[in-house]
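One structure is given below, encoded as structure tokens.
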Amino acid sequence: MVTSRIVATGAGIPSQVITNDDLAQIMDTSDEWIRQRTGIGERHISGGEDLSYYTTKAARQIIERAGIAPEDIDLIVVATVTADYCTPSAACMVQKEIGAVNAVAFDVTAACSGFLYGVSVADKFIRCGVYKNALVIGGEILSKIVDWQDRSTCVLFGDGAAGVLLERSESQQGILLEELGAKGEDYAVLTARRLAPANAFNEIEPQAECGHVTMDGRAVFKFATKKIVSSIENVLEKSGVSKDEITYFITHQANARIVEVAAKKLKLPMDRFYTNIEHYGNTSAASIPIALNEMNEKGLLHEGDKLILCGFGGGLTWGTLLIQW
């Protein structure tokens, strides 16, 4: 069976760290308030660099670890909602910076599910023989689209990028099964508006109202805790793999409480779920690859391990992948 397998991981993380105590200096909040509700203690924030700086940093680390020349990369997919430009794509910026002159490059936009959507798309190109490999990166500079006066949202988010190199495989390693989904009817519970009016000529939208993340936290929490469980159960049932065979469940790092509720519903201990939200916050499309790279660097992943990757977010969207490392 032809699959695509992960052969290397990498990340580009801002060096600037903003703690909960730092936020308490500029708004009515506290470390205790944020930790109790989210599990977040700090987040990394760009020092002014654009997304392409961090996606390129991640890409260079990935290709160095994989031992592949940039010109041998066939495909670059970047998942993001905070690209430097409307056009060119974030993927084209990465292609330019690393010198991957032969690569096809494009972006996918599925918010916090974006990395899994990107992996899914790249996997199909590899499986059908169009490309031999693909660089897939999730990255965000969310600090530029949050309202730093709104404590209900700005305390949640962080910046960063990470990704993987996929290669064609005929072994048991690779992406075994997936489920992707969307529920557009509920789009309004999590949005980030345009950075310009809907009709710039007539200016029918005030510029001041554009750009910031808005979220119905309760609705997102309800959606996420329900969808994580149902999507994981669907993938396990279709694959014939039991939850006891999964070494780690790696979910989107949106809120520690969401993961705790999902683990309880799945009747699994929390030590089966890898979490790093305390140190990164919610990095949207970057959160799963950041976690995957961190686990890889710590030596937690071993050949033959079965992993569940599960994302959920704006759209509303979700995705679950079953992978054998």
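A note on labels: chains of the structure tokens are A, B, ... as shown, every chain counts residues from 1, and ligands are counted from 1 in their shown order.
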
Practice prompt. Could you please write out, as a PyMOL selection string, every residue of range 64-272 of chain A that DSSP assigns to strand (DSSP E)?
Written response: chain A and resi 75-79+104-108+133-141+159-169+174-182+190-192+213-215+248-251

Kindly save the residues from that selection, with C-alpha atoms included, as a short mmCIF file (atom, residue, chain, number, x, y, z; two decimals), in the first residue's frame.
```cif
data_model
loop_
_atom_site.label_atom_id
_atom_site.label_comp_id
_atom_site.auth_asym_id
_atom_site.auth_seq_id
_atom_site.Cartn_x
_atom_site.Cartn_y
_atom_site.Cartn_z
CA LEU A 75 5.28 20.54 -3.16
CA ILE A 76 4.95 23.19 -0.44
CA VAL A 77 1.65 23.67 1.39
CA VAL A 78 1.24 26.29 4.11
CA ALA A 79 -1.82 26.35 6.36
CA VAL A 104 4.52 23.76 -6.56
CA ALA A 105 3.37 26.08 -3.76
CA PHE A 106 -0.02 27.09 -2.38
CA ASP A 107 -1.86 27.80 0.89
CA VAL A 108 -4.85 26.21 2.57
CA ASN A 133 7.42 14.53 -1.32
CA ALA A 134 5.77 17.56 0.24
CA LEU A 135 6.68 20.19 2.80
CA VAL A 136 3.60 21.00 4.92
CA ILE A 137 3.75 23.88 7.40
CA GLY A 138 1.19 25.40 9.76
CA GLY A 139 1.95 28.94 10.87
CA GLU A 140 0.27 31.98 12.36
CA ILE A 141 1.00 35.50 13.58
CA ASP A 159 2.51 33.04 17.30
CA GLY A 160 4.72 30.44 15.63
CA ALA A 161 5.17 27.94 12.83
CA ALA A 162 6.04 24.27 12.48
CA GLY A 163 5.67 21.50 9.96
CA VAL A 164 6.73 18.20 8.45
CA LEU A 165 8.24 16.69 5.34
CA LEU A 166 6.11 13.93 3.85
CA GLU A 167 7.60 11.31 1.54
CA ARG A 168 6.13 8.44 -0.45
CA SER A 169 6.23 5.15 1.45
CA GLY A 174 2.41 6.79 7.21
CA ILE A 175 -1.08 8.25 7.16
CA LEU A 176 -3.49 5.36 7.59
CA LEU A 177 -6.90 7.04 7.72
CA GLU A 178 -8.49 10.46 8.01
CA GLU A 179 -11.72 12.32 8.59
CA LEU A 180 -12.21 15.95 7.58
CA GLY A 181 -15.35 17.99 8.02
CA ALA A 182 -16.92 21.43 8.05
CA LEU A 190 -15.43 32.21 15.43
CA THR A 191 -14.40 34.86 12.93
CA ALA A 192 -11.65 37.27 11.96
CA VAL A 213 -10.78 37.82 16.18
CA THR A 214 -14.26 37.45 17.66
CA MET A 215 -15.44 34.29 19.35
CA TYR A 248 -0.51 9.49 21.88
CA PHE A 249 -3.50 11.65 21.04
CA ILE A 250 -2.29 15.05 19.80
CA THR A 251 -5.15 17.53 19.61
#
```

request  = For Asp147 in chain A, please output as a PyMOL selection string all residues within 8 Å (counting only C-alpha atoms; exclusion window: fewer than 6 positions along the same chain).
outcome  = chain A and resi 153-154+212-213

key: Spatial neighbours of Val241 in chain A, 12 Å, only C-alpha atoms, chain gap at least 2 places, as an MDAnalysis selection string   = chainID A and resid 176:177 232:239 243:247 306:308 322:324

Restricting to only C-alpha atoms, whichever of A:Asp186, A:Asp72, A:Glu278, A:Asp31 is closest to Ala254 in chain A is A:Glu278

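Residue nearest Phe223 in chain A, chosen from A:Val94, A:Leu316, A:Leu321, A:Ala83 and counting only C-alpha atoms: A:Leu316.
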
Check: Smallest atom-to-atom distance to Ala256 in chain A: which of A:His279, A:Lys144, A:Arg151, A:Lys227, using only C-alpha atoms?
Finding: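 Comparing A:His279, A:Lys144, A:Arg151, A:Lys227 against Ala256 in chain A, the winner is A:His279.
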
Counting only C-alpha atoms, which residues in range 211-243 of chain A sit no more than 12 Å from range 33-38 of chain A? For each one, give the nearest pair of atoms and the distance in Å, sorted by chain then residue number, as CSV.
```
residue,atom,partner,partner_atom,distance
A:Gly217,CA,A:Arg37,CA,11.0
A:Arg218,CA,A:Arg37,CA,11.8
A:Phe221,CA,A:Thr38,CA,11.0
```

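Straight-line separation from CA of Ala188 in chain A to CA of Asn282 in chain A: 19.0 Å.
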
- Task: Please identify all polymer residues within 7 Å of range 291-302 of chain A, counting only C-alpha atoms, omitting same-chain residues fewer than 5 positions from it, and present them as an NGL selection string.
- Result: :A and (9-11 or 276 or 325)

Worksheet item: With only C-alpha atoms as the atoms that count, which of A:Arg60, A:Ile26, A:Gly313, A:Ala8 lies nearest to Gly184 in chain A?
Response: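 Counting only C-alpha atoms, the residue closest to Gly184 in chain A is A:Gly313.
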
Test item: residues at most 8 Å from Ala111 in chain A, only C-alpha atoms, excluding those fewer than 6 positions along its chain, as a compact mmCIF listing (two decimals) with C-alpha atoms, in the first residue's frame:
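And here's out_19.txt as it stands now:
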```
# COMPACT_ATOMS: atom_id res chain seq x y z
CA ALA A 79 -1.82 26.35 6.36
CA THR A 80 -2.52 29.82 7.75
CA VAL A 81 -5.07 32.59 8.20
CA SER A 284 -4.17 27.87 15.44
CA ALA A 285 -2.78 26.01 12.39
CA GLY A 313 -11.58 25.47 14.70
CA GLY A 314 -13.01 28.30 12.65
CA GLY A 315 -15.23 27.52 9.73
CA THR A 317 -13.92 22.84 10.63
```

What separates CA of Gly240 in chain A and CA of Ile228 in chain A is a distance of 18.1 Å

Report task. Enter the distance from CA of Ile45 in chain A to CA of Gln61 in chain A, in Å, rounded to one decimal. Result ->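 Distance reported for this atom pair: 19.9 Å.
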
Which of range 201-295 of chain A counts as alpha helix (DSSP H) under DSSP, as a tab-separated table (two decimals) with C-alpha atoms, in the first residue's frame please?
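Output (out03.tsv):
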```tsv
chain	number	residue	atom	x	y	z
A	217	GLY	CA	-16.35	30.88	23.64
A	218	ARG	CA	-19.15	28.70	24.96
A	219	ALA	CA	-20.27	27.65	21.48
A	220	VAL	CA	-16.70	26.82	20.45
A	221	PHE	CA	-16.16	24.82	23.64
A	222	LYS	CA	-19.35	22.82	23.06
A	223	PHE	CA	-18.47	22.17	19.41
A	224	ALA	CA	-14.89	21.17	20.16
A	225	THR	CA	-15.58	18.77	23.01
A	226	LYS	CA	-18.28	17.03	20.99
A	227	LYS	CA	-16.39	16.91	17.68
A	228	ILE	CA	-13.06	15.70	19.09
A	229	VAL	CA	-14.79	12.68	20.58
A	230	SER	CA	-17.00	11.80	17.61
A	231	SER	CA	-14.27	12.31	15.00
A	232	ILE	CA	-11.70	10.23	16.90
A	233	GLU	CA	-14.25	7.48	17.48
A	234	ASN	CA	-15.19	7.48	13.78
A	235	VAL	CA	-11.58	7.14	12.63
A	236	LEU	CA	-10.81	4.38	15.12
A	237	GLU	CA	-13.96	2.46	14.16
A	238	LYS	CA	-13.25	2.71	10.42
A	239	SER	CA	-9.62	1.69	10.87
A	256	ALA	CA	-6.64	22.65	28.31
A	257	ARG	CA	-10.20	22.27	29.58
A	258	ILE	CA	-11.38	21.13	26.13
A	259	VAL	CA	-8.77	18.36	26.10
A	260	GLU	CA	-9.66	17.31	29.65
A	261	VAL	CA	-13.36	17.01	28.81
A	262	ALA	CA	-12.62	15.06	25.61
A	263	ALA	CA	-10.30	12.68	27.47
A	264	LYS	CA	-12.97	12.04	30.08
A	265	LYS	CA	-15.61	11.33	27.41
A	277	ILE	CA	-0.65	24.89	25.66
A	278	GLU	CA	0.79	26.17	28.95
A	279	HIS	CA	3.83	27.48	27.07
A	280	TYR	CA	2.44	28.38	23.63
A	287	SER	CA	-0.42	24.09	17.25
A	288	ILE	CA	-0.43	20.44	16.15
A	289	PRO	CA	2.88	20.59	14.23
A	290	ILE	CA	4.52	22.51	17.10
A	291	ALA	CA	3.45	19.72	19.46
A	292	LEU	CA	4.55	17.02	17.01
A	293	ASN	CA	7.97	18.64	16.58
A	294	GLU	CA	8.39	19.07	20.33
A	295	MET	CA	7.56	15.40	20.91
```
